[in-house]
Structures are given as structure tokens and as C-alpha cells.
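The file target-v9.cif comes next; it holds mmCIF, C-alpha atoms.
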data_model
loop_
_atom_site.group_PDB
_atom_site.id
_atom_site.type_symbol
_atom_site.label_atom_id
_atom_site.label_comp_id
_atom_site.auth_asym_id
_atom_site.auth_seq_id
_atom_site.Cartn_x
_atom_site.Cartn_y
_atom_site.Cartn_z
ATOM 1 C CA MET A 1 128.982 57.517 52.156
ATOM 2 C CA ARG A 2 131.841 55.638 50.508
ATOM 3 C CA ALA A 3 129.955 55.583 47.234
ATOM 4 C CA TYR A 4 129.363 59.314 47.561
ATOM 5 C CA LEU A 5 133.043 60.063 48.107
ATOM 6 C CA ALA A 6 134.122 57.794 45.270
ATOM 7 C CA PHE A 7 131.626 59.271 42.848
ATOM 8 C CA THR A 8 132.531 62.821 43.850
ATOM 9 C CA LYS A 9 136.185 61.989 43.247
ATOM 10 C CA LYS A 10 135.228 60.613 39.836
ATOM 11 C CA GLU A 11 133.417 63.874 39.105
ATOM 12 C CA PHE A 12 136.547 65.915 39.861
ATOM 13 C CA THR A 13 138.720 63.625 37.741
ATOM 14 C CA GLU A 14 136.221 63.916 34.906
ATOM 15 C CA ASN A 15 136.046 67.698 35.157
ATOM 16 C CA TRP A 16 139.827 67.900 35.176
ATOM 17 C CA ARG A 17 140.373 65.559 32.230
ATOM 18 C CA THR A 18 137.652 67.107 30.077
ATOM 19 C CA TYR A 19 139.427 70.462 30.654
ATOM 20 C CA LYS A 20 136.293 71.930 32.258
ATOM 21 C CA LEU A 21 137.971 72.690 35.565
ATOM 22 C CA PRO A 22 141.145 74.303 34.121
ATOM 23 C CA ILE A 23 139.107 76.316 31.610
ATOM 24 C CA LEU A 24 136.765 77.627 34.277
ATOM 25 C CA LEU A 25 139.701 78.573 36.510
ATOM 26 C CA VAL A 26 141.471 80.412 33.680
ATOM 27 C CA VAL A 27 138.288 82.194 32.581
ATOM 28 C CA PHE A 28 137.537 83.399 36.107
ATOM 29 C CA LEU A 29 141.161 84.387 36.630
ATOM 30 C CA LEU A 30 140.878 86.539 33.515
ATOM 31 C CA PHE A 31 137.585 88.047 34.718
ATOM 32 C CA GLY A 32 139.285 88.906 37.987
ATOM 33 C CA MET A 33 142.086 90.701 36.157
ATOM 34 C CA MET A 34 139.864 92.337 33.558
ATOM 35 C CA SER A 35 137.578 94.144 35.967
ATOM 36 C CA PRO A 36 140.132 96.513 37.564
ATOM 37 C CA LEU A 37 141.943 96.846 34.227
ATOM 38 C CA LEU A 38 138.799 97.983 32.413
ATOM 39 C CA ALA A 39 137.976 100.417 35.202
ATOM 40 C CA LYS A 40 141.461 101.881 34.908
ATOM 41 C CA LEU A 41 141.621 101.949 31.116
ATOM 42 C CA THR A 42 138.188 103.326 30.197
ATOM 43 C CA PRO A 43 138.976 106.977 31.068
ATOM 44 C CA GLU A 44 142.331 106.685 29.254
ATOM 45 C CA LEU A 45 140.655 105.333 26.137
ATOM 46 C CA LEU A 46 138.049 108.086 26.137
ATOM 47 C CA LYS A 47 140.799 110.642 26.674
ATOM 48 C CA SER A 48 142.768 109.451 23.651
ATOM 49 C CA LEU A 49 139.529 109.566 21.700
ATOM 50 C CA SER A 50 138.829 113.151 22.688
ATOM 51 C CA ASP A 51 142.419 114.193 21.847
ATOM 52 C CA THR A 52 141.932 113.402 18.197
ATOM 53 C CA GLY A 53 138.307 114.346 17.658
ATOM 54 C CA GLY A 54 138.362 117.701 19.410
ATOM 55 C CA VAL A 55 135.568 116.633 21.712
ATOM 56 C CA VAL A 56 136.400 117.380 25.300
ATOM 57 C CA ILE A 57 135.257 114.710 27.697
ATOM 58 C CA THR A 58 136.065 115.212 31.304
ATOM 59 C CA LEU A 59 135.778 112.137 33.431
ATOM 60 C CA PRO A 60 136.310 111.706 37.114
ATOM 61 C CA GLU A 61 139.297 109.625 38.148
ATOM 62 C CA PRO A 62 138.311 105.959 38.380
ATOM 63 C CA THR A 63 137.811 104.696 41.886
ATOM 64 C CA ALA A 64 137.791 101.308 43.555
ATOM 65 C CA MET A 65 134.009 101.297 43.194
ATOM 66 C CA ASP A 66 134.319 101.484 39.379
ATOM 67 C CA ALA A 67 136.485 98.389 39.501
ATOM 68 C CA TRP A 68 133.864 96.608 41.606
ATOM 69 C CA ALA A 69 131.136 97.756 39.219
ATOM 70 C CA GLN A 70 133.079 96.078 36.405
ATOM 71 C CA PHE A 71 133.531 93.002 38.582
ATOM 72 C CA PHE A 72 129.798 92.677 39.211
ATOM 73 C CA LYS A 73 129.048 93.236 35.537
ATOM 74 C CA ASN A 74 131.629 90.730 34.269
ATOM 75 C CA VAL A 75 130.967 87.955 36.762
ATOM 76 C CA GLY A 76 127.209 88.593 36.834
ATOM 77 C CA GLN A 77 126.853 88.243 33.072
ATOM 78 C CA MET A 78 129.856 86.619 31.363
ATOM 79 C CA GLY A 79 130.742 84.558 34.426
ATOM 80 C CA MET A 80 127.232 83.139 34.714
ATOM 81 C CA LEU A 81 127.295 82.370 30.984
ATOM 82 C CA ALA A 82 130.565 80.481 31.470
ATOM 83 C CA ILE A 83 128.965 78.442 34.290
ATOM 84 C CA ILE A 84 125.964 77.605 32.129
ATOM 85 C CA ILE A 85 128.124 76.500 29.190
ATOM 86 C CA VAL A 86 130.553 74.430 31.244
ATOM 87 C CA PHE A 87 128.010 72.718 33.500
ATOM 88 C CA SER A 88 125.228 72.235 30.936
ATOM 89 C CA GLY A 89 126.403 68.696 30.155
ATOM 90 C CA LEU A 90 126.624 67.673 33.796
ATOM 91 C CA MET A 91 123.701 65.230 33.701
ATOM 92 C CA ALA A 92 123.187 64.976 29.942
ATOM 93 C CA THR A 93 126.532 63.319 29.109
ATOM 94 C CA GLU A 94 125.858 60.575 31.666
ATOM 95 C CA PHE A 95 122.504 59.865 30.024
ATOM 96 C CA SER A 96 123.761 60.010 26.452
ATOM 97 C CA LYS A 97 126.786 57.786 27.108
ATOM 98 C CA GLY A 98 124.940 55.395 29.379
ATOM 99 C CA THR A 99 127.769 55.477 31.908
ATOM 100 C CA LEU A 100 125.412 55.409 34.879
ATOM 101 C CA VAL A 101 123.834 52.059 34.087
ATOM 102 C CA ASN A 102 126.729 49.972 35.377
ATOM 103 C CA MET A 103 127.065 51.771 38.672
ATOM 104 C CA LEU A 104 123.344 51.981 39.415
ATOM 105 C CA THR A 105 122.785 48.293 38.714
ATOM 106 C CA LYS A 106 125.669 47.477 41.066
ATOM 107 C CA GLY A 107 123.691 49.066 43.857
ATOM 108 C CA MET A 108 124.760 52.688 44.019
ATOM 109 C CA LYS A 109 121.918 54.843 45.300
ATOM 110 C CA ARG A 110 120.439 57.237 42.786
ATOM 111 C CA HIS A 111 120.470 60.229 45.092
ATOM 112 C CA THR A 112 124.234 59.738 45.454
ATOM 113 C CA VAL A 113 124.654 60.615 41.787
ATOM 114 C CA VAL A 114 122.744 63.885 42.087
ATOM 115 C CA LEU A 115 124.375 64.877 45.377
ATOM 116 C CA SER A 116 127.873 64.093 44.059
ATOM 117 C CA LYS A 117 127.313 66.139 40.920
ATOM 118 C CA LEU A 118 125.955 69.007 42.980
ATOM 119 C CA THR A 119 128.927 68.832 45.354
ATOM 120 C CA ALA A 120 131.524 68.725 42.586
ATOM 121 C CA ALA A 121 129.946 71.596 40.660
ATOM 122 C CA THR A 122 129.583 73.632 43.864
ATOM 123 C CA VAL A 123 133.218 73.147 44.866
ATOM 124 C CA ILE A 124 134.479 74.019 41.367
ATOM 125 C CA TRP A 125 132.282 77.124 41.204
ATOM 126 C CA THR A 126 133.326 78.204 44.717
ATOM 127 C CA VAL A 127 137.029 77.833 43.966
ATOM 128 C CA SER A 128 136.720 79.684 40.637
ATOM 129 C CA PHE A 129 134.720 82.467 42.231
ATOM 130 C CA LEU A 130 137.108 82.866 45.176
ATOM 131 C CA LEU A 131 140.069 82.970 42.770
ATOM 132 C CA CYS A 132 138.350 85.657 40.699
ATOM 133 C CA LEU A 133 137.459 87.649 43.800
ATOM 134 C CA ALA A 134 140.962 87.375 45.276
ATOM 135 C CA VAL A 135 142.672 88.508 42.060
ATOM 136 C CA SER A 136 140.224 91.350 41.600
ATOM 137 C CA TYR A 137 140.605 92.417 45.227
ATOM 138 C CA ALA A 138 144.408 92.329 45.020
ATOM 139 C CA TYR A 139 144.531 94.540 41.902
ATOM 140 C CA THR A 140 141.893 96.911 43.222
ATOM 141 C CA ALA A 141 143.731 97.314 46.509
ATOM 142 C CA TYR A 142 146.991 97.825 44.582
ATOM 143 C CA PHE A 143 145.647 100.638 42.392
ATOM 144 C CA TRP A 144 143.151 102.418 44.596
ATOM 145 C CA ASP A 145 142.246 103.220 48.116
ATOM 146 C CA MET A 146 139.608 100.631 48.907
ATOM 147 C CA GLY A 147 137.346 102.980 50.852
ATOM 148 C CA THR A 148 134.369 101.564 52.656
ATOM 149 C CA LEU A 149 132.677 98.472 51.355
ATOM 150 C CA HIS A 150 129.194 98.035 52.764
ATOM 151 C CA TYR A 151 128.025 94.496 53.422
ATOM 152 C CA ALA A 152 131.058 93.224 51.474
ATOM 153 C CA PHE A 153 130.439 89.580 52.349
ATOM 154 C CA LEU A 154 126.751 89.592 51.436
ATOM 155 C CA SER A 155 127.224 91.430 48.136
ATOM 156 C CA PHE A 156 129.835 88.971 46.920
ATOM 157 C CA PHE A 157 127.946 86.057 48.444
ATOM 158 C CA SER A 158 124.910 87.027 46.353
ATOM 159 C CA LEU A 159 126.861 86.441 43.115
ATOM 160 C CA TRP A 160 127.980 83.070 44.397
ATOM 161 C CA LEU A 161 124.442 82.183 45.457
ATOM 162 C CA PHE A 162 123.097 83.034 42.004
ATOM 163 C CA GLY A 163 125.751 80.815 40.399
ATOM 164 C CA GLU A 164 124.686 78.015 42.730
ATOM 165 C CA PHE A 165 121.073 78.627 41.696
ATOM 166 C CA LEU A 166 122.086 78.205 38.041
ATOM 167 C CA ILE A 167 123.874 74.944 38.839
ATOM 168 C CA SER A 168 120.775 73.517 40.547
ATOM 169 C CA LEU A 169 118.678 74.629 37.556
ATOM 170 C CA LEU A 170 121.100 72.958 35.118
ATOM 171 C CA ILE A 171 121.024 69.669 37.029
ATOM 172 C CA PHE A 172 117.217 69.727 37.264
ATOM 173 C CA GLY A 173 116.877 70.585 33.558
ATOM 174 C CA GLY A 174 119.401 67.887 32.644
ATOM 175 C CA ILE A 175 117.441 65.221 34.521
ATOM 176 C CA LEU A 176 114.082 66.452 33.251
ATOM 177 C CA PHE A 177 114.999 66.436 29.556
ATOM 178 C CA LYS A 178 117.963 64.007 29.600
ATOM 179 C CA SER A 179 119.769 66.148 27.041
ATOM 180 C CA LEU A 180 122.270 68.971 26.918
ATOM 181 C CA MET A 181 119.888 71.160 24.958
ATOM 182 C CA GLY A 182 117.108 70.547 27.461
ATOM 183 C CA SER A 183 119.377 71.528 30.311
ATOM 184 C CA LEU A 184 120.442 74.727 28.525
ATOM 185 C CA LEU A 185 116.916 75.648 27.458
ATOM 186 C CA PHE A 186 115.439 75.001 30.904
ATOM 187 C CA CYS A 187 118.062 77.193 32.565
ATOM 188 C CA GLY A 188 117.725 79.856 29.868
ATOM 189 C CA GLY A 189 113.948 79.730 30.106
ATOM 190 C CA VAL A 190 113.976 80.331 33.854
ATOM 191 C CA ILE A 191 116.375 83.263 33.427
ATOM 192 C CA VAL A 192 114.196 84.784 30.700
ATOM 193 C CA ALA A 193 111.105 84.292 32.873
ATOM 194 C CA MET A 194 112.812 86.029 35.791
ATOM 195 C CA THR A 195 113.887 88.912 33.543
ATOM 196 C CA ILE A 196 110.322 89.323 32.252
ATOM 197 C CA LEU A 197 109.004 89.250 35.820
ATOM 198 C CA ASN A 198 111.228 92.244 36.550
ATOM 199 C CA ILE A 199 108.849 94.375 34.458
ATOM 200 C CA ILE A 200 106.309 94.245 37.275
ATOM 201 C CA PRO A 201 107.143 97.077 39.661
ATOM 202 C CA ASN A 202 108.588 96.208 43.066
ATOM 203 C CA ILE A 203 109.171 92.580 42.173
ATOM 204 C CA THR A 204 112.959 93.052 41.895
ATOM 205 C CA ARG A 205 113.079 92.841 45.675
ATOM 206 C CA TYR A 206 111.911 89.238 45.518
ATOM 207 C CA ASN A 207 113.541 88.243 42.243
ATOM 208 C CA PRO A 208 116.683 86.079 42.500
ATOM 209 C CA SER A 209 117.934 87.605 39.238
ATOM 210 C CA SER A 210 118.657 90.828 41.122
ATOM 211 C CA LEU A 211 121.382 88.902 42.969
ATOM 212 C CA SER A 212 123.526 88.765 39.849
ATOM 213 C CA GLY A 213 124.848 92.282 39.545
ATOM 214 C CA ALA A 214 122.306 94.499 41.274
ATOM 215 C CA THR A 215 123.882 93.900 44.679
ATOM 216 C CA LEU A 216 126.561 96.393 43.635
ATOM 217 C CA GLU A 217 124.150 98.892 45.146
ATOM 218 C CA LEU A 218 124.518 97.039 48.411
ATOM 219 C CA LEU A 219 128.308 97.297 48.210
ATOM 220 C CA ASN A 220 128.410 101.024 47.523
ATOM 221 C CA GLY A 221 125.757 101.736 50.102
ATOM 222 C CA GLN A 222 123.041 103.017 47.754
ATOM 223 C CA LYS A 223 120.567 100.486 49.049
ATOM 224 C CA GLY A 224 120.057 98.841 52.387
ATOM 225 C CA LEU A 225 120.174 95.184 53.220
ATOM 226 C CA SER A 226 116.382 94.962 53.560
ATOM 227 C CA GLU A 227 116.041 95.695 49.824
ATOM 228 C CA PHE A 228 117.743 92.429 48.926
ATOM 229 C CA MET A 229 116.916 90.135 51.820
ATOM 230 C CA PRO A 230 113.738 88.657 50.247
ATOM 231 C CA ALA A 231 115.672 87.824 47.061
ATOM 232 C CA PHE A 232 118.375 86.095 49.117
ATOM 233 C CA VAL A 233 115.861 83.973 50.972
ATOM 234 C CA ILE A 234 113.854 83.087 47.862
ATOM 235 C CA CYS A 235 117.017 82.169 45.955
ATOM 236 C CA ALA A 236 118.242 79.914 48.773
ATOM 237 C CA VAL A 237 114.824 78.240 49.045
ATOM 238 C CA LEU A 238 114.702 77.713 45.277
ATOM 239 C CA ILE A 239 118.146 76.069 45.303
ATOM 240 C CA ILE A 240 116.966 73.585 47.938
ATOM 241 C CA VAL A 241 113.641 72.999 46.146
ATOM 242 C CA PHE A 242 115.290 72.349 42.774
ATOM 243 C CA SER A 243 117.919 70.056 44.307
ATOM 244 C CA ALA A 244 115.266 68.042 46.155
ATOM 245 C CA ALA A 245 113.121 67.931 43.009
ATOM 246 C CA SER A 246 116.153 66.718 41.037
ATOM 247 C CA ILE A 247 116.605 63.765 43.396
ATOM 248 C CA THR A 248 112.887 62.871 43.366
ATOM 249 C CA LEU A 249 112.733 63.115 39.600
ATOM 250 C CA PHE A 250 115.932 61.151 39.088
ATOM 251 C CA ASN A 251 114.578 58.317 41.251
ATOM 252 C CA LYS A 252 111.708 57.882 38.810
ATOM 253 C CA LYS A 253 113.615 58.426 35.597
ATOM 254 C CA GLN A 254 114.521 55.605 33.284
ATOM 255 C CA ILE A 255 118.242 55.584 32.583
ATOM 256 C CA MET B 1 152.970 111.485 23.121
ATOM 257 C CA PRO B 2 153.338 107.695 23.232
ATOM 258 C CA PHE B 3 151.056 105.854 25.592
ATOM 259 C CA ASP B 4 152.854 105.037 28.819
ATOM 260 C CA LEU B 5 152.473 101.329 29.515
ATOM 261 C CA THR B 6 154.398 101.131 32.778
ATOM 262 C CA PRO B 7 151.423 101.426 35.161
ATOM 263 C CA TYR B 8 149.706 98.584 33.345
ATOM 264 C CA LEU B 9 152.607 96.121 33.493
ATOM 265 C CA PRO B 10 151.202 94.319 36.569
ATOM 266 C CA PHE B 11 148.232 93.461 34.348
ATOM 267 C CA LEU B 12 149.948 92.921 31.056
ATOM 268 C CA ILE B 13 152.596 90.415 32.110
ATOM 269 C CA PRO B 14 150.234 87.846 33.730
ATOM 270 C CA LEU B 15 147.702 88.448 30.955
ATOM 271 C CA ALA B 16 150.321 87.724 28.304
ATOM 272 C CA VAL B 17 151.455 84.597 30.142
ATOM 273 C CA ILE B 18 147.882 83.269 30.322
ATOM 274 C CA GLU B 19 147.123 84.053 26.679
ATOM 275 C CA VAL B 20 150.329 82.534 25.324
ATOM 276 C CA GLY B 21 149.845 79.515 27.581
ATOM 277 C CA LEU B 22 146.297 78.975 26.337
ATOM 278 C CA THR B 23 147.370 79.290 22.707
ATOM 279 C CA ILE B 24 150.215 76.807 23.130
ATOM 280 C CA ALA B 25 148.031 74.343 25.068
ATOM 281 C CA SER B 26 145.270 74.394 22.478
ATOM 282 C CA LEU B 27 147.756 74.250 19.547
ATOM 283 C CA ILE B 28 149.381 71.153 21.028
ATOM 284 C CA HIS B 29 145.994 69.543 21.574
ATOM 285 C CA VAL B 30 144.760 70.411 18.070
ATOM 286 C CA LEU B 31 147.880 69.086 16.373
ATOM 287 C CA THR B 32 148.117 65.856 18.363
ATOM 288 C CA HIS B 33 144.486 64.855 17.773
ATOM 289 C CA LYS B 34 142.988 63.734 14.509
ATOM 290 C CA THR B 35 139.266 64.098 15.085
ATOM 291 C CA TYR B 36 137.242 67.032 16.368
ATOM 292 C CA ARG B 37 133.681 67.244 17.566
ATOM 293 C CA THR B 38 133.096 70.325 15.417
ATOM 294 C CA GLY B 39 135.240 72.064 12.821
ATOM 295 C CA ASN B 40 138.525 70.865 11.359
ATOM 296 C CA ARG B 41 142.221 71.199 12.000
ATOM 297 C CA VAL B 42 142.806 74.363 9.939
ATOM 298 C CA LEU B 43 139.929 76.153 11.652
ATOM 299 C CA TRP B 44 141.162 75.304 15.160
ATOM 300 C CA VAL B 45 144.804 76.153 14.410
ATOM 301 C CA VAL B 46 143.706 79.592 13.217
ATOM 302 C CA LEU B 47 141.268 80.032 16.105
ATOM 303 C CA SER B 48 143.968 79.110 18.640
ATOM 304 C CA PHE B 49 145.504 82.476 17.909
ATOM 305 C CA VAL B 50 142.286 84.376 18.536
ATOM 306 C CA GLN B 51 143.041 85.436 22.058
ATOM 307 C CA ILE B 52 141.170 83.923 24.980
ATOM 308 C CA ILE B 53 137.952 83.059 23.192
ATOM 309 C CA GLY B 54 139.565 80.793 20.558
ATOM 310 C CA PRO B 55 141.390 78.292 22.814
ATOM 311 C CA VAL B 56 138.489 78.278 25.307
ATOM 312 C CA LEU B 57 136.014 77.534 22.512
ATOM 313 C CA TYR B 58 138.253 74.733 21.254
ATOM 314 C CA PHE B 59 138.421 73.028 24.634
ATOM 315 C CA ILE B 60 134.676 73.364 25.198
ATOM 316 C CA ILE B 61 133.135 72.521 21.820
ATOM 317 C CA GLY B 62 135.929 71.514 19.433
ATOM 318 C CA ARG B 63 137.863 68.948 21.415
ATOM 319 C CA ASP B 64 136.943 65.329 20.804
ATOM 320 C CA ASP B 65 136.500 63.107 23.838
ATOM 321 C CA GLY B 66 138.576 60.391 22.230
ATOM 322 C CA GLY B 67 135.778 57.863 22.526
ATOM 323 C CA LYS B 68 135.691 55.043 20.027
ATOM 324 C CA ASP B 69 132.088 55.619 18.913
#
Could you render the structure as C-alpha cells?
Amino acid sequence: MRAYLAFTKKEFTENWRTYKLPILLVVFLLFGMMSPLLAKLTPELLKSLSDTGGVVITLPEPTAMDAWAQFFKNVGQMGMLAIIIVFSGLMATEFSKGTLVNMLTKGMKRHTVVLSKLTAATVIWTVSFLLCLAVSYAYTAYFWDMGTLHYAFLSFFSLWLFGEFLISLLIFGGILFKSLMGSLLFCGGVIVAMTILNIIPNITRYNPSSLSGATLELLNGQKGLSEFMPAFVICAVLIIVFSAASITLFNKKQI
Amino acid sequence: MPFDLTPYLPFLIPLAVIEVGLTIASLIHVLTHKTYRTGNRVLWVVLSFVQIIGPVLYFIIGRDDGGKD
């Protein structure tokens, strides 16, 4: 337990000093501000366009739901990309610099390394996401009447869960290939595979990729909870499976 | 008719603070370090002024860890 706490603390220090933590916070802060701003500006931009060109475009006034649509789009795509880029070196840098050898030969358990990395990445992602959500919520509530949000917790939780899924994929890929590229390609490969799977009709219900973005339909009440429940469960199971597989694999891997 | 900016001030002020802050932070880092993982000093000084993406890119891929290898 003491080793776990110490190593987790080391992870936070490392993430702070390599500017990963501040960058992620700033990026998600910006995403949080951008979403309501884009929702508010888009009609204005189109209006100024139609003033000059003679084309008349009538658009409905933006609502709080437009801001949330932007939020789900930004965090679900750009936000996930930011996670992948920042956390891709999580395992790989330890392998390439050989920094683990000392600690593991001094008796630190191998699963401690994986669990600490998972904890640190999870906490950083959670804080960034909550910051983004809070800023976005504050601006949205400031500009619009919030209206009814259906299953608010679960729709936002789905984005978080998908980010967590990516983190577990990155750690597993990093251990499997021991390189930054391997980690990136493994994570990218799984995402591409999930996107291709979406071609098969009715599989979106079970596909974790629908958790990044598609749950907007849960928030605005277009779809019921039962439509997304299988994806939630499968995503959660996959996170646990990949984390457990990471530990098993890491135990057998030569440092 | 000039575009009325007043309703957007709650966005623009924090946004400006963040962008200027990022530019200054990355400029300081670029100018006080000699080696970069990718690119060179001129490139990163110019890119520091490319809002948001430039400084972020510098800190992620351009910044050298300072290791002695």
C-alpha cells in the first residue's frame, strides 16, 4: 500500500513537471468554454454571411441543447484525441528510459506500477472532465434556460466512461508493444474496429463507441436508457478486462 | 452595422487570458531551453503565437525533457 501511494504520488509529480497535467486542464477548460460559445456564435456567423450574399437563411434561436450538442461533439472527438495524445506515453516512457528497473528490483510489486498509472490517469481525466463540464454548465446556464435534461448524470458519465476505456486501452497497448507508437496504434486500431463494427445494423446498442457523443440523444430525450444500457455494461466490463490483462501481461514482460 | 461584442465578453476575457498566458509560458520555455525534441527555436517562437494549438503542441512534442542522453 505504501509503495502504491508513493508511486501514485510520483506519477502526479511526473505529469505535473512534464506539463501533461496543466496542458490537459487548459485544453479541457477551453473545450468547456468553446461549446456554448460555438452554439451561440454559429447563427450569428451564418447571419452575417447571408447579409452579404443575398441568401436568406433563417435559423432558430440557439438553445441550451445546441450548446450541449457542441459539448458532446468537442469532448467526444477532440477531447478523446487529447487524452490519447497525452496518455500515450504512460507505459512506453518507463520502458524506453528503463526507470522501472531500479524500483522493481528493490521489491516493488509489478501490479503496483499498473494500478498506480491507472489511478493517476483516472484522477487527471476525472478532474479535467469535471472542470470542462462545470465551465460548460456555468456558461450554458448563464446564456439559456436550461430546460429539462434527461438522464443528465448518465449521459455525461458515458463520456467519462469512454475516456476511461481509452486509458485502459493505452496502458494495455503500451505494455503489449513497449513503445509509444504501439500504444497509439493499439488504441487507434480498437477505435477503428469499433467504428467498422457500427456498419452492422443494431450493433450500436452494444458498441462502446456510441458512448462518446451519441448519448446526446439520451440527454435530449430522443432515446431511452435501454438503448444505451448494453453499451454501458460492455464498456465497463472491457475496462476491467483490459486492466486485469495489463497486470497479467506486465507480470510476464521483460523490462 | 458593427458587430456587437458585449454579449460575448464573458467568453472573450477568460479566453484572451488563457491564450496570452499560454503564449507567454511557451515563449519563456522556448527561449530558456537550448535543445528541442523536434523542430528548432525559430519554429517554436513563431508557433507560440499560433493560438492554442501552437503552445500546446510545443509542450507535448517540442519540449525537451532535459535528460542528458
Contacts between chain A and chain B, please, where a residue of chain B counts if it comes within 7 Å (with all atoms listed in the file); show its shortest atom pair and distance in Å to one decimal, rows by chain and ascending number, as JSON lines.
{"residue": "B:Phe11", "atom": "CA", "partner": "A:Met33", "partner_atom": "CA", "distance": 7.0}
{"residue": "B:Val56", "atom": "CA", "partner": "A:Ile23", "partner_atom": "CA", "distance": 6.6}
{"residue": "B:Phe59", "atom": "CA", "partner": "A:Tyr19", "partner_atom": "CA", "distance": 6.6}
Could you expand the PyMOL selection byres ((chain A and resi 1) around 12) into the explicit residues it covers here, written as a PyMOL selection string?
chain A and resi 2-8+108-109+111-113+115-116
I need the residue set behind the PyMOL selection byres ((chain A and resi 190) around 12) for this file; please write it as a VMD selection string.
chain A and resid 165 to 166 168 to 170 172 to 173 183 to 189 191 to 197 207 to 209 238
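Those residues returned by the PyMOL selection byres ((chain B and resi 19) around 12) for this file are Val26, Val27, Leu29 and Leu30 of chain A; Leu12, Ile13, Pro14, Leu15, Ala16, Val17, Ile18, Val20, Gly21, Leu22, Thr23, Ile24, Ala25, Ser26, Ser48, Phe49, Val50, Gln51, Ile52, Ile53, Gly54, Pro55 and Val56 of chain B.
CA of Ala92 (chain A) is found 27.1 Å from CA of Ile234 (chain A).
Considering the residues B:Pro10, B:Val42, B:Leu5, B:Ile61 and counting all atoms listed in the file, Val30 (chain B) has its shortest atom-to-atom contact with B:Val42.
Nearest-residue note for Ser136 (chain A): choosing from A:Asn202, A:Leu176, A:Gly98, A:Asn74, the minimum distance belongs to A:Asn74, counting all atoms listed in the file.
CA of Arg205 (chain A) lies 5.8 Å from CA of Glu227 (chain A).
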Counting all atoms listed in the file, note down every residue that has an atom within 10 Å of the point (135.9, 71.8, 15.1) (file coordinates), as a PyMOL selection string.
chain B and resi 30+35-45+47+57-59+61-64
Atomic separation - CA of Lys253 (chain A) relative to CA of Lys10 (chain A), Å:
22.1 Å
Need to verify the contact set: Trp160 (chain A), 9 Å, only C-alpha atoms, exclusion of same-chain residues closer than 2 positions in sequence. Can you return it as a list in words?
Trp125, Thr126, Phe129, Phe156, Phe157, Ser158, Phe162, Gly163, Glu164, Phe165, Leu211 and Ser212 of chain A
Exercise on region 51-59 of chain B, axis-aligned box with 4 Å per side, report centre and edge lengths in Å to one decimal, as JSON:
{"center_x": 139.5, "center_y": 79.2, "center_z": 22.9, "size_x": 15.0, "size_y": 20.4, "size_z": 12.7}
